[in-house]
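The data block below is input-v5.txt; it holds compact mmCIF, C-alpha atoms.
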```
# COMPACT_ATOMS: atom_id res chain seq x y z
CA MET A 1 42.53 26.47 5.59
CA ASN A 2 39.02 25.39 4.67
CA TYR A 3 35.79 26.55 6.24
CA LEU A 4 35.43 23.48 8.45
CA GLU A 5 38.84 24.22 9.99
CA LYS A 6 38.04 27.87 10.55
CA ASN A 7 34.83 27.41 12.47
CA ILE A 8 34.32 23.94 13.85
CA TYR A 9 31.28 24.79 15.99
CA VAL A 10 29.19 26.39 13.27
CA SER A 11 30.26 23.94 10.60
CA ARG A 12 29.48 20.98 12.85
CA ARG A 13 25.91 22.13 13.31
CA LYS A 14 25.51 22.94 9.64
CA PHE A 15 27.02 19.62 8.76
CA LEU A 16 24.60 17.63 10.95
CA ILE A 17 21.64 19.67 9.78
CA GLY A 18 22.69 19.18 6.19
CA LEU A 19 22.90 15.45 6.65
CA ALA A 20 19.46 15.38 8.23
CA GLY A 21 18.11 17.34 5.30
CA MET A 22 19.64 14.94 2.82
CA SER A 23 17.97 12.07 4.68
CA ALA A 24 14.59 13.60 3.97
CA PHE A 25 14.66 13.43 0.16
CA PRO A 26 11.19 12.26 -0.87
CA PHE A 27 10.62 8.77 -2.20
CA LEU A 28 14.23 7.66 -1.68
CA GLU A 29 14.40 4.45 0.34
CA ILE A 30 17.53 2.83 1.67
CA ASN A 31 18.98 -0.41 0.31
CA ALA A 32 20.88 -3.02 2.25
CA ALA A 33 24.09 -4.68 1.19
CA GLU A 34 22.38 -8.04 1.67
CA LYS A 35 21.06 -9.07 -1.76
CA LYS A 36 19.75 -12.53 -0.90
CA SER A 37 16.40 -13.12 -2.61
CA PRO A 38 13.61 -13.19 0.00
CA LYS A 39 11.26 -16.14 0.21
CA TYR A 40 8.19 -13.94 0.00
CA LYS A 41 7.97 -11.19 -2.53
CA ARG A 42 5.69 -8.51 -1.12
CA LEU A 43 4.43 -6.85 2.04
CA ILE A 44 1.51 -4.47 2.49
CA VAL A 45 0.44 -2.94 5.80
CA ILE A 46 -3.05 -1.45 6.26
CA ALA A 47 -3.14 0.73 9.37
CA THR A 48 -5.61 2.85 11.31
CA PRO A 49 -4.80 5.54 13.90
CA PHE A 50 -7.41 4.47 16.47
CA GLY A 51 -7.70 0.70 16.24
CA PHE A 52 -11.24 -0.69 16.06
CA HIS A 53 -14.18 -0.71 18.43
CA THR A 54 -13.03 -3.48 20.78
CA ASP A 55 -16.42 -5.00 21.61
CA TYR A 56 -17.16 -5.53 17.91
CA TRP A 57 -13.67 -6.59 16.81
CA LYS A 58 -12.84 -9.11 19.54
CA PRO A 59 -13.56 -12.78 18.58
CA ASN A 60 -15.70 -14.80 20.97
CA LYS A 61 -13.46 -17.89 21.05
CA LEU A 62 -10.16 -19.34 19.89
CA GLY A 63 -9.62 -21.57 16.87
CA ALA A 64 -11.41 -21.69 13.54
CA ASP A 65 -14.99 -21.54 14.83
CA TYR A 66 -14.87 -17.96 16.08
CA SER A 67 -17.12 -15.02 15.37
CA SER A 68 -17.52 -11.35 16.21
CA LYS A 69 -19.80 -8.55 15.13
CA TYR A 70 -17.24 -7.61 12.49
CA SER A 71 -16.35 -11.14 11.32
CA PRO A 72 -19.12 -11.27 8.65
CA LEU A 73 -17.24 -8.44 6.91
CA TYR A 74 -14.34 -10.79 6.14
CA GLU A 75 -16.22 -14.08 5.96
CA LYS A 76 -15.25 -14.60 2.32
CA VAL A 77 -11.55 -14.63 3.23
CA LYS A 78 -11.83 -16.01 6.76
CA SER A 79 -9.92 -19.15 5.86
CA ASP A 80 -7.10 -17.01 4.43
CA ILE A 81 -6.52 -14.81 7.49
CA SER A 82 -5.56 -15.06 11.14
CA ILE A 83 -6.87 -12.83 13.91
CA LEU A 84 -4.21 -12.40 16.58
CA SER A 85 -4.99 -11.25 20.10
CA ASN A 86 -3.14 -10.70 23.38
CA LEU A 87 -0.41 -8.63 21.72
CA ALA A 88 1.05 -5.41 23.09
CA HIS A 89 4.06 -3.23 22.35
CA GLY A 90 4.35 -2.03 25.94
CA MET A 91 3.70 1.60 25.12
CA ARG A 92 2.32 3.80 27.88
CA GLY A 93 -0.85 4.45 25.94
CA GLY A 94 -1.94 7.45 23.95
CA HIS A 95 -1.39 8.30 20.32
CA ALA A 96 2.39 7.82 20.49
CA SER A 97 1.74 4.09 20.38
CA THR A 98 0.46 4.44 16.82
CA CYS A 99 3.88 5.65 15.68
CA SER A 100 5.39 2.48 17.12
CA PHE A 101 3.06 0.01 15.40
CA LEU A 102 5.74 -1.22 12.97
CA SER A 103 8.80 -0.77 15.21
CA GLY A 104 7.70 -1.76 18.70
CA VAL A 105 9.68 1.03 20.36
CA TYR A 106 9.23 4.72 21.13
CA GLU A 107 11.09 6.98 18.74
CA THR A 108 12.70 8.73 21.72
CA GLU A 109 14.05 5.41 23.04
CA ALA A 110 15.00 3.88 19.69
CA TRP A 111 18.72 4.55 20.20
CA ARG A 112 18.78 1.68 22.71
CA TYR A 113 18.08 -0.98 20.08
CA GLN A 114 19.90 -2.50 17.15
CA ASN A 115 17.28 -1.47 14.59
CA LYS A 116 16.90 1.99 16.11
CA ASN A 117 13.58 3.47 14.95
CA GLU A 118 13.44 1.49 11.72
CA THR A 119 9.99 0.13 11.00
CA LEU A 120 9.18 -3.27 9.52
CA ASP A 121 8.31 -1.90 6.08
CA ARG A 122 11.61 -0.04 5.76
CA PHE A 123 13.56 -2.98 7.21
CA ILE A 124 12.14 -5.42 4.67
CA GLY A 125 12.19 -2.84 1.86
CA ARG A 126 15.91 -2.20 2.08
CA HIS A 127 16.63 -5.93 2.13
CA MET A 128 14.62 -6.31 -1.07
CA GLY A 129 17.34 -4.36 -2.84
CA SER A 130 16.71 -2.94 -6.29
CA GLN A 131 14.09 -5.45 -7.41
CA SER A 132 11.58 -2.66 -7.96
CA ARG A 133 11.54 1.05 -8.74
CA TYR A 134 10.65 1.98 -5.15
CA THR A 135 11.83 -0.18 -2.25
CA SER A 136 8.81 0.98 -0.24
CA LEU A 137 5.97 3.49 -0.53
CA ASN A 138 3.47 4.93 1.93
CA LEU A 139 -0.06 5.92 0.96
CA GLY A 140 -2.65 7.63 3.17
CA THR A 141 -6.12 9.12 3.18
CA PHE A 142 -5.89 12.87 3.67
CA GLY A 143 -3.24 14.46 5.83
CA PRO A 144 -1.43 14.68 7.97
CA CYS A 145 -1.41 10.94 8.56
CA GLU A 146 0.15 9.03 11.42
CA ARG A 147 3.93 8.80 11.55
CA LEU A 148 3.79 5.15 10.61
CA SER A 149 7.04 4.53 8.71
CA TRP A 150 10.57 5.39 9.85
CA SER A 151 14.11 4.89 8.61
CA LYS A 152 16.88 3.54 10.82
CA GLU A 153 18.29 7.07 10.95
CA GLY A 154 15.04 8.38 12.47
CA THR A 155 13.61 10.01 9.35
CA ILE A 156 9.86 9.82 8.79
CA SER A 157 9.03 8.25 5.44
CA PRO A 158 7.01 10.60 3.22
CA MET A 159 3.34 9.66 2.89
CA ILE A 160 1.36 10.36 -0.27
CA THR A 161 -2.18 11.36 0.69
CA ASP A 162 -3.47 12.40 -2.72
CA PRO A 163 -4.44 9.37 -4.86
CA SER A 164 -3.81 11.37 -8.02
CA ALA A 165 -0.25 12.11 -6.90
CA ALA A 166 0.30 8.42 -6.08
CA TYR A 167 -1.08 7.46 -9.49
CA ASN A 168 1.21 9.93 -11.27
CA LEU A 169 4.27 8.80 -9.33
CA LEU A 170 3.71 5.13 -10.12
CA PHE A 171 2.13 5.12 -13.56
CA LYS A 172 2.24 8.46 -15.37
CA PRO A 173 4.83 8.29 -18.17
CA GLU A 174 7.81 10.61 -17.81
CA SER A 175 8.61 13.01 -20.61
CA ALA A 176 12.11 13.24 -22.01
CA GLU A 177 12.42 16.67 -20.36
CA SER A 178 11.35 15.26 -16.99
CA ILE A 179 13.82 12.39 -17.22
CA GLN A 180 16.63 14.82 -18.01
CA ALA A 181 15.62 17.07 -15.10
CA ASN A 182 15.68 14.05 -12.78
CA ARG A 183 19.10 13.12 -14.11
CA VAL A 184 20.41 16.61 -13.32
CA SER A 185 18.82 16.49 -9.86
CA LEU A 186 20.39 13.12 -9.09
CA ALA A 187 23.78 14.40 -10.18
CA GLU A 188 23.46 17.39 -7.86
CA ARG A 189 22.46 15.17 -4.95
CA ASN A 190 25.46 12.96 -5.62
CA ARG A 191 27.71 16.03 -5.48
CA GLN A 192 26.19 17.02 -2.15
CA LEU A 193 26.77 13.53 -0.80
CA GLU A 194 30.38 13.60 -1.91
CA PHE A 195 30.89 16.90 -0.10
CA MET A 196 29.37 15.49 3.07
CA ARG A 197 31.43 12.31 2.89
CA GLY A 198 34.56 14.42 2.71
CA GLY A 199 33.69 16.24 5.92
CA PHE A 200 33.49 13.24 8.23
CA SER A 201 37.19 12.68 8.89
CA SER A 202 37.96 16.40 9.29
CA ILE A 203 35.56 17.00 12.17
CA LYS A 204 35.03 13.63 13.89
CA SER A 205 38.04 13.94 16.21
CA ARG A 206 36.80 17.31 17.48
CA LEU A 207 33.29 16.21 18.38
CA SER A 208 31.95 15.07 21.71
CA LYS A 209 31.19 11.38 22.16
CA ARG A 210 27.47 12.08 21.76
CA ASP A 211 27.98 13.97 18.52
CA GLN A 212 30.38 11.27 17.27
CA ASP A 213 27.63 8.69 17.76
CA LYS A 214 25.18 10.94 15.94
CA LEU A 215 27.72 11.52 13.19
CA GLU A 216 28.08 7.76 12.73
CA GLU A 217 24.29 7.47 12.33
CA TYR A 218 24.38 10.13 9.64
CA ARG A 219 27.40 8.53 7.99
CA SER A 220 25.42 5.30 7.72
CA GLY A 221 22.51 7.26 6.30
CA ILE A 222 24.74 8.88 3.70
CA VAL A 223 26.00 5.48 2.57
CA ASN A 224 22.43 4.24 2.25
CA LEU A 225 21.33 7.38 0.44
CA GLY A 226 24.16 6.89 -2.01
CA ASP A 227 22.89 3.39 -2.72
CA SER A 228 19.40 4.80 -3.15
CA LEU A 229 20.57 7.43 -5.63
CA LYS A 230 22.31 4.71 -7.62
CA GLN A 231 19.07 2.72 -7.67
CA SER A 232 17.17 5.77 -8.91
CA GLU A 233 19.73 6.23 -11.66
CA ASN A 234 19.42 2.57 -12.68
CA TRP A 235 15.63 2.91 -13.02
CA LEU A 236 15.66 6.35 -14.62
CA ASP A 237 15.41 5.08 -18.18
CA THR A 238 13.06 2.19 -17.43
CA PRO A 239 9.51 3.15 -18.50
CA LYS A 240 6.77 2.85 -15.92
CA THR A 241 4.18 0.13 -16.45
CA GLU A 242 0.76 1.10 -17.70
CA PRO A 243 -2.21 0.93 -15.29
CA PRO A 244 -5.61 -0.45 -16.33
CA ALA A 245 -7.58 1.75 -18.68
CA GLY A 246 -9.73 4.29 -16.88
CA MET A 247 -7.88 4.11 -13.58
CA VAL A 248 -7.29 7.80 -12.94
CA PRO A 249 -8.44 8.75 -9.41
CA THR A 250 -9.67 12.33 -9.02
CA ILE A 251 -10.38 12.76 -5.32
CA LYS A 252 -11.46 16.39 -5.57
CA TYR A 253 -14.66 15.44 -7.40
CA GLN A 254 -15.78 12.87 -4.80
CA LYS A 255 -17.70 15.08 -2.36
CA GLN A 256 -20.34 12.70 -1.03
CA TYR A 257 -18.06 9.89 0.16
CA PRO A 258 -14.55 11.40 0.13
CA SER A 259 -12.92 9.12 2.71
CA THR A 260 -14.42 5.93 1.31
CA PHE A 261 -13.33 6.94 -2.17
CA ALA A 262 -9.82 7.94 -1.03
CA PHE A 263 -9.25 4.69 0.86
CA GLN A 264 -10.52 2.60 -2.04
CA SER A 265 -8.41 4.58 -4.51
CA GLN A 266 -5.24 4.07 -2.49
CA LEU A 267 -5.95 0.33 -2.19
CA ASP A 268 -6.53 0.17 -5.96
CA ILE A 269 -3.23 1.94 -6.57
CA ALA A 270 -1.45 -0.33 -4.08
CA TYR A 271 -2.87 -3.41 -5.80
CA TRP A 272 -1.66 -2.40 -9.24
CA ALA A 273 1.70 -1.18 -7.94
CA LEU A 274 2.30 -4.63 -6.43
CA VAL A 275 0.98 -6.51 -9.46
CA ARG A 276 3.09 -4.48 -11.89
CA GLY A 277 6.17 -4.68 -9.66
CA GLU A 278 6.69 -0.94 -9.27
CA THR A 279 7.23 -1.61 -5.55
CA ARG A 280 7.12 -4.65 -3.27
CA VAL A 281 6.54 -3.00 0.11
CA MET A 282 3.69 -0.58 0.85
CA THR A 283 1.66 0.89 3.68
CA VAL A 284 -1.86 2.29 3.35
CA SER A 285 -3.13 4.28 6.31
CA THR A 286 -6.31 6.09 7.24
CA SER A 287 -5.82 9.50 8.83
CA ARG A 288 -7.13 10.96 12.06
CA ASN A 289 -7.98 14.06 10.03
CA MET A 290 -9.96 12.39 7.28
CA PRO A 291 -13.53 13.73 6.90
CA VAL A 292 -16.10 11.42 8.49
CA ASN A 293 -19.43 13.15 7.82
CA GLU A 294 -20.32 10.29 5.50
CA PHE A 295 -20.25 7.97 8.53
CA GLY A 296 -22.46 10.14 10.72
CA ALA A 297 -19.60 11.72 12.66
CA GLY A 298 -18.18 15.20 13.00
CA SER A 299 -14.57 14.35 13.83
CA TYR A 300 -12.78 11.01 13.57
CA HIS A 301 -10.64 11.67 16.63
CA SER A 302 -13.38 12.96 18.93
CA THR A 303 -15.83 10.29 17.79
CA THR A 304 -13.43 7.49 18.78
CA HIS A 305 -13.48 8.95 22.31
CA HIS A 306 -17.11 7.92 22.41
CA GLY A 307 -17.64 7.66 26.16
CA LYS A 308 -20.13 4.84 25.40
CA LEU A 309 -22.54 7.26 23.73
CA PRO A 310 -24.65 5.14 21.31
CA GLU A 311 -24.57 7.65 18.45
CA ARG A 312 -20.77 7.87 18.55
CA ILE A 313 -20.35 4.12 18.78
CA LYS A 314 -22.58 3.79 15.70
CA ALA A 315 -20.42 6.27 13.80
CA ILE A 316 -17.25 4.41 14.79
CA GLU A 317 -18.85 1.17 13.68
CA ASN A 318 -19.58 2.71 10.29
CA ILE A 319 -15.94 3.78 9.88
CA ASP A 320 -14.65 0.39 11.04
CA ARG A 321 -16.95 -1.44 8.66
CA MET A 322 -15.69 0.57 5.71
CA VAL A 323 -12.03 -0.11 6.53
CA ILE A 324 -12.43 -3.81 7.34
CA SER A 325 -14.69 -4.64 4.40
CA LYS A 326 -12.39 -2.92 1.89
CA ALA A 327 -9.36 -4.62 3.40
CA ALA A 328 -11.17 -7.96 2.98
CA ASP A 329 -11.96 -7.06 -0.64
CA PHE A 330 -8.28 -6.28 -1.18
CA ILE A 331 -7.21 -9.65 0.25
CA GLU A 332 -9.78 -11.44 -1.93
CA ARG A 333 -8.50 -9.56 -4.95
CA LEU A 334 -4.95 -10.74 -4.28
CA LYS A 335 -6.29 -14.28 -3.78
CA ASN A 336 -7.99 -14.22 -7.18
CA THR A 337 -4.98 -12.79 -9.05
CA PRO A 338 -2.36 -15.20 -10.46
CA ASP A 339 1.12 -14.13 -9.49
CA PRO A 340 2.62 -12.60 -12.66
CA GLU A 341 6.12 -13.60 -11.58
CA GLY A 342 5.64 -17.29 -10.93
CA THR A 343 3.40 -19.92 -9.37
CA GLY A 344 0.41 -19.43 -7.11
CA THR A 345 -1.58 -16.30 -6.51
CA MET A 346 -0.60 -12.82 -5.43
CA LEU A 347 -1.83 -13.64 -1.92
CA ASP A 348 0.36 -16.76 -1.80
CA ASN A 349 3.40 -14.53 -2.24
CA THR A 350 2.27 -11.43 -0.35
CA ILE A 351 2.03 -10.81 3.39
CA VAL A 352 -0.86 -8.53 4.39
CA LEU A 353 -0.83 -7.04 7.89
CA MET A 354 -3.77 -4.94 9.09
CA GLY A 355 -3.97 -3.33 12.49
CA SER A 356 -2.99 -0.44 14.73
CA GLY A 357 -0.64 0.42 17.55
CA MET A 358 -3.70 1.40 19.58
CA GLU A 359 -6.47 -0.92 20.77
CA SER A 360 -9.14 1.77 20.49
CA GLY A 361 -9.37 5.53 20.57
CA ASN A 362 -11.74 5.48 23.53
CA SER A 363 -9.41 3.53 25.81
CA HIS A 364 -6.14 5.05 24.51
CA SER A 365 -4.76 1.64 25.31
CA SER A 366 -1.88 -0.01 23.45
CA ARG A 367 -2.72 -3.39 25.03
CA ASN A 368 -4.33 -6.18 23.02
CA ILE A 369 -3.88 -4.31 19.75
CA PRO A 370 -6.06 -5.50 16.83
CA ILE A 371 -4.18 -7.60 14.28
CA MET A 372 -5.30 -9.31 11.09
CA LEU A 373 -2.70 -11.27 9.13
CA ALA A 374 -3.17 -12.75 5.65
CA GLY A 375 -1.11 -14.49 2.98
CA GLY A 376 2.56 -15.31 3.18
CA GLY A 377 2.24 -19.05 3.74
CA PHE A 378 1.18 -18.74 7.38
CA LYS A 379 -1.29 -21.14 9.02
CA HIS A 380 -4.52 -19.21 8.65
CA GLY A 381 -8.23 -19.62 9.29
CA GLN A 382 -8.10 -19.16 13.05
CA HIS A 383 -8.18 -16.81 16.00
CA ILE A 384 -4.91 -17.15 17.91
CA LYS A 385 -4.29 -15.89 21.40
CA VAL A 386 -0.54 -15.40 21.38
CA GLU A 387 0.98 -16.80 24.55
CA LYS A 388 3.11 -14.57 26.72
CA LYS A 389 6.85 -15.29 26.83
CA ALA A 390 9.66 -13.85 28.91
CA ASN A 391 9.58 -10.60 26.93
CA GLY A 392 5.83 -10.15 27.53
CA ILE A 393 4.18 -6.91 28.59
CA ASN A 394 2.35 -7.60 31.84
CA GLU A 395 -0.04 -10.40 30.86
CA TYR A 396 0.36 -9.75 27.13
CA ALA A 397 2.72 -11.16 24.52
CA TYR A 398 5.17 -8.73 22.93
CA ALA A 399 3.82 -7.57 19.56
CA GLY A 400 7.35 -7.10 18.24
CA ASP A 401 7.58 -10.89 17.99
CA LEU A 402 5.08 -10.69 15.14
CA LEU A 403 7.28 -8.15 13.32
CA LEU A 404 10.26 -10.48 13.65
CA THR A 405 8.16 -13.44 12.48
CA ILE A 406 7.19 -11.56 9.32
CA ALA A 407 10.79 -10.53 8.63
CA GLN A 408 11.94 -14.13 9.03
CA LYS A 409 9.16 -15.34 6.76
CA PHE A 410 10.71 -13.19 4.06
CA GLY A 411 13.83 -15.28 4.47
CA LEU A 412 15.86 -12.45 6.01
CA PRO A 413 18.85 -13.67 8.02
CA VAL A 414 17.82 -12.02 11.30
CA ASN A 415 17.40 -13.36 14.82
CA SER A 416 16.13 -10.18 16.42
CA PHE A 417 14.13 -7.04 15.70
CA ASN A 418 14.47 -4.34 18.33
CA GLN A 419 13.26 -5.93 21.59
CA SER A 420 12.20 -9.19 19.98
CA THR A 421 14.48 -12.23 19.79
CA SER A 422 11.96 -14.94 18.91
CA GLY A 423 8.99 -15.28 16.59
CA ILE A 424 5.44 -16.58 17.04
CA LEU A 425 5.50 -20.34 16.57
CA GLY A 426 1.76 -20.87 16.09
CA LEU A 427 1.80 -19.14 12.73
CA VAL A 428 4.51 -21.03 10.89
```
Starting from the file, lay out its structure as structure tokens.
Amino acid sequence: MNYLEKNIYVSRRKFLIGLAGMSAFPFLEINAAEKKSPKYKRLIVIATPFGFHTDYWKPNKLGADYSSKYSPLYEKVKSDISILSNLAHGMRGGHASTCSFLSGVYETEAWRYQNKNETLDRFIGRHMGSQSRYTSLNLGTFGPCERLSWSKEGTISPMITDPSAAYNLLFKPESAESIQANRVSLAERNRQLEFMRGGFSSIKSRLSKRDQDKLEEYRSGIVNLGDSLKQSENWLDTPKTEPPAGMVPTIKYQKQYPSTFAFQSQLDIAYWALVRGETRVMTVSTSRNMPVNEFGAGSYHSTTHHGKLPERIKAIENIDRMVISKAADFIERLKNTPDPEGTGTMLDNTIVLMGSGMESGNSHSSRNIPIMLAGGGFKHGQHIKVEKKANGINEYAYAGDLLLTIAQKFGLPVNSFNQSTSGILGLV
């Protein structure tokens, strides 16, 4: 009689905990069985935890001839982007809405939907298959960052907040000893997975319906993790590409403008990771805990709750200007870079989404969230007020329709994404 048969209650709990632990292996992303080549090659999401100051972000009119206080910051790429308004995820406000930016649902209610808590980056990443070393990566500025990226099994994707660590992961050559150590580690993880696979049939019949459903979620996760381990093995002996000479970020020496430097460093790393094909799906997020003294503020979080105090609004404006201007520089950089894998530019074959699940920190509102969209063959150069449909949130259109639109633009064979069953027609 094995241990599982001797003590079903204890082993069940250990089994589920063990599966959850296996799901948290860093940098392992799940792959889908669907191997159809997507129409667009890359996705990058630039996110903030508190939105932008609404009065300065909001365009004054629809169409191409719009302006706002912030629009001069992206004037050089204005024809290459779309500003979308009137979108909402239907969250009840507060910071929890930030975690739902790329899924459109609360993590506690995700079980109701087909995609569960899976976010857009993970959804697209796993459909990209093994085209790159990492199916998706998440970069941030200082930690802890927002819980932006989630797997279908409800695991938070690890976020790299140290630019030097991100640089080493993507570009630092591996020694022969390191490669062998990774090989041994992968073999051990495969053994653990085999053990867990063998336990499913022996305990499933003895579990409650609720635990059987949870077990099925973990079983799916184990299958996906097995695919991920295989991908890691396939790439183990493939040398990393070399970054440009001199690109070695050292955040600890940047004391005067640490947040500006960190954000720029992560965007630089993201650019070269996409150009060199180390990954095709990335997120870059600012953190509520990043230092903001350089912008004339004491705390990012408390400053966003400005209460209309002029000095706090000025500090928020300074932070917003840094994020928006560097995002515009990033888009311009993609526009000016020939795609190394084919025709057109990097921007022609990359979808850039910038925004937040929260309208602004001061309002705590998840209505009319700020969205900038670039690249990907969409109809750009305009401010679009997305019209409400049957799945709208009060007077607002459902923001999940944008997530579905992006997934479909990649050529993925999907007709729904969580609550959304139709895309945004004005973009395509």
Quote the spacing between CA of Gln256 (chain A) and CA of Ile331 (chain A) in Å to one decimal place. 26.0 Å
Between CA of Thr421 (chain A) and CA of Val386 (chain A) - distance in Å to one decimal: 15.4 Å
So how far away is CA of Glu395 (chain A) from CA of Phe378 (chain A), in Å?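 About the pair CA of Phe378 (chain A) and CA of Glu395 (chain A): they are 24.9 Å apart.
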Would you mind listing what lies within 7 Å of region 284-292 of chain A as a list in words, with all atoms listed in the file counted and same-chain residues fewer than 5 positions away left out?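 Near region 284-292 of chain A, the qualifying residues are Val45, Ile46, Ala47, Thr48, Pro49, Asn138, Leu139, Gly140, Thr141, Phe142, Gly143, Pro144, Cys145, Glu146, Ser259, Gln266, Ala297, Gly298, Ser299, Tyr300 and His301 of chain A.
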Identify, on the basis of all atoms listed in the file, every residue whose closest approach to Asp401 (chain A) does not exceed 8 Å; exclude the query and any residue fewer than 6 positions from it along the same chain; express the result as a PDB file with C-alpha atoms, in the coordinates of the input.
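To be explicit, this is the file written out as result-v3.pdb:
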```
ATOM      1  CA  PHE A 417      14.130  -7.040  15.700  1.00  0.00           C
ATOM      2  CA  SER A 420      12.200  -9.190  19.980  1.00  0.00           C
ATOM      3  CA  THR A 421      14.480 -12.230  19.790  1.00  0.00           C
ATOM      4  CA  SER A 422      11.960 -14.940  18.910  1.00  0.00           C
ATOM      5  CA  GLY A 423       8.990 -15.280  16.590  1.00  0.00           C
ATOM      6  CA  ILE A 424       5.440 -16.580  17.040  1.00  0.00           C
TER       7      ILE A 424
END
```
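Shortest atom-to-atom contact with Met322 (chain A) among A:Gln264, A:Thr304, A:Asn349, A:Asn368: A:Gln264, counting all atoms listed in the file.
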Please return the centre and edge lengths, in Å to one decimal, of a box with edges along x, y and z that contains all listed atoms of region 69-83 of chain A, widened by 5 Å on every side, as JSON.
```
{"center_x": -12.7, "center_y": -13.4, "center_z": 8.7, "size_x": 24.2, "size_y": 21.5, "size_z": 22.8}
```
Give me the residues within 6 Å of region 68-82 of chain A as a list in words, counting all atoms listed in the file and dropping any in the same chain fewer than 5 places off. Tyr56, Trp57, Pro59, Ser325, Ala328, Met372, Leu373, Ala374, His380, Gly381, Gln382 and His383 of chain A
Quick one: of A:Ala245, A:Val352, A:Met91, A:Ile319, who's nearest to Ala270 (chain A), counting all atoms listed in the file?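 Answer, going by the shortest atom-to-atom distance: A:Val352.
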So which residues fall inside 12 Å of (-8.6, 13.1, -6.0) if we count all atoms listed in the file? Mind giving them as a count of residues only? 30
Let me make sure I understand: among A:Trp150, A:Lys39, A:Thr155, A:Leu137, which one has the smallest atom-to-atom distance to Val105 (chain A) if we use all atoms listed in the file? A:Trp150
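The smallest atom-to-atom distance between Asn86 (chain A) and any of A:Met358, A:Leu403, A:Ala397, A:Leu427, using all atoms listed in the file, is found for A:Ala397.
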